[in-house]
Amino acid sequence: LPGWPRPIDTGGYLNLAYPLVADIDGDEDGAMEVVVMGRYSPTRIYVLDSKGETLPGWPIDLHSEGEFTRSNPALADLDGDGDLEIVVGGGDGYMHAFHHDGSAAMGWPQPILDGTGTVGTGSVGSPVIGDIDGDGDIEIVISARGYNNKRLYAWHANGTLVAGWPLIYNDQDFDGRDSPALVDLDGDNAAEIIVSVFKSYASPTDNGGNKYSHIIAYHGNGELVSGFPKMTGSGGSIGLSPTPAIGDLDGDGLLELAWVGHRSGNDNKGMNLFVWDLEGSADNYAPWPMFHHDARHSGTSNNAVELNIQITIRNLGGNTAELSWDAADMTDSYEIWRAKAPYAPRDTFELLGDISDPSYEVAIDPNENYYYEVRGLNKNNAVVWLSSRVGVFSFALEPGG
């Protein structure tokens, strides 16, 4: 593409975070921007347009010489203004959030304190974003491993700490790479926090001195979820604890939890893949069920996926048509949107209705051509999918067809 490849200053180290591609500024052109960051000092964040040009306000340096972060950026609309903020943990001991123009979001940055109550440094994981307390607003959760503490942090979108957080675990290790997953395990419309940690405990294959991973889950108030932890006997001396992944793996309508870890033992070679049955429904709220949000690693909270869901049009007579479509998983209601052009920006669409059934009647205007889109919403009213767009034209419809 014109403008690419684009040189990125990484501070002399070949270590980049996962890039993000999204319409960050929410402008009318609907064009995508690219967020990319070097993890070593000065931990420089770039926001580039589709031609590789740096947008105004960028790049931004997070911290000074000698510091490093394991965090990958994430995207979320923290202030409800329709565009996306960039959320990332820095090796400077702070959690950062920026608007698309590079200015700090209100309430940010926030300190990650060590065991002495001062701003610490060390490994900071990638942020995960979702509603953990059931209030309808999103929270930001990270794991942090400082030199004097190991903690799980949770903030509201405005930067205030969630009640009961951070959780402090000095007898266990969060490596700073082991980001949590967020899924509602008990059906209360609030996501639980599922994270892998490693510590010394008895294992059938213990060869002495090793730490072994296990999976812990917490409610939004910091209490342990019943049925956890899940012991693995894996981890070995490598000590890495990957992010769990949660979904319906066997099609039984219930959730399963998958996790992979190093085999323990003297050689510490190979991997073990674990899968546990969970009791939660596969239809439960799942704002961040795996590493970097989804299988595409979009790193974007509430990132609606455009599905190939086709809308069927039937003329009911009297200048009225019925739109209908197949119901989709993870959908509790539907929004019907209308535009006057097939490729109109979504912020120009008109909302016609919010309904619970997969059909909707629309008026046919003989003097106008309209295009319709259906958006599927989950139980938290977050858009989780978009249909294909379809045009309704009076001259193209016969009664009953």
# chains A, B, ... in the order shown; residues from 1 in each chain; ligands from 1
>>> residues_around(residues="Phe228 in chain A", least_positions_apart="2", cutoff="12 Å", atoms="only C-alpha atoms", output="ChimeraX atom specification")
/A:185,192-196,214-219,223-226,230-232,257,276-278
>>> residues_around(residues="Arg375 in chain A", least_positions_apart="2", cutoff="8 Å", atoms="only C-alpha atoms", output="ChimeraX atom specification")
/A:334-337,373,377,383-387
>>> write_last_selection(atoms="C-alpha atoms", output="JSON list (two decimals), in the first residue's frame")
[["chain", "number", "residue", "atom", "x", "y", "z"],
["A", 334, "TYR", "CA", -31.90, -5.83, 17.83],
["A", 335, "GLU", "CA", -31.59, -2.26, 16.59],
["A", 336, "ILE", "CA", -32.90, -1.32, 13.13],
["A", 337, "TRP", "CA", -30.95, 1.45, 11.38],
["A", 373, "GLU", "CA", -28.84, -2.55, 8.76],
["A", 377, "LEU", "CA", -27.14, -6.40, 21.06],
["A", 383, "VAL", "CA", -23.48, -4.11, 19.87],
["A", 384, "VAL", "CA", -21.94, -7.53, 19.14],
["A", 385, "TRP", "CA", -22.69, -7.93, 15.42],
["A", 386, "LEU", "CA", -23.80, -6.04, 12.34],
["A", 387, "SER", "CA", -25.82, -7.47, 9.47]]
>>> closest_residue(among="A:Ala104, A:Leu352, A:Ala245, A:Ala76", to="Leu182 in chain A", atoms="only C-alpha atoms")
A:Ala245
>>> residues_around(residues="Asp133 in chain A", least_positions_apart="5", cutoff="9 Å", atoms="only C-alpha atoms", output="number ranges by chain")
A: 138-139, 162, 189-192, 219-221
>>> atom_distance(atom1="CA of His293 in chain A", atom2="CA of Asp131 in chain A")
13.7 Å
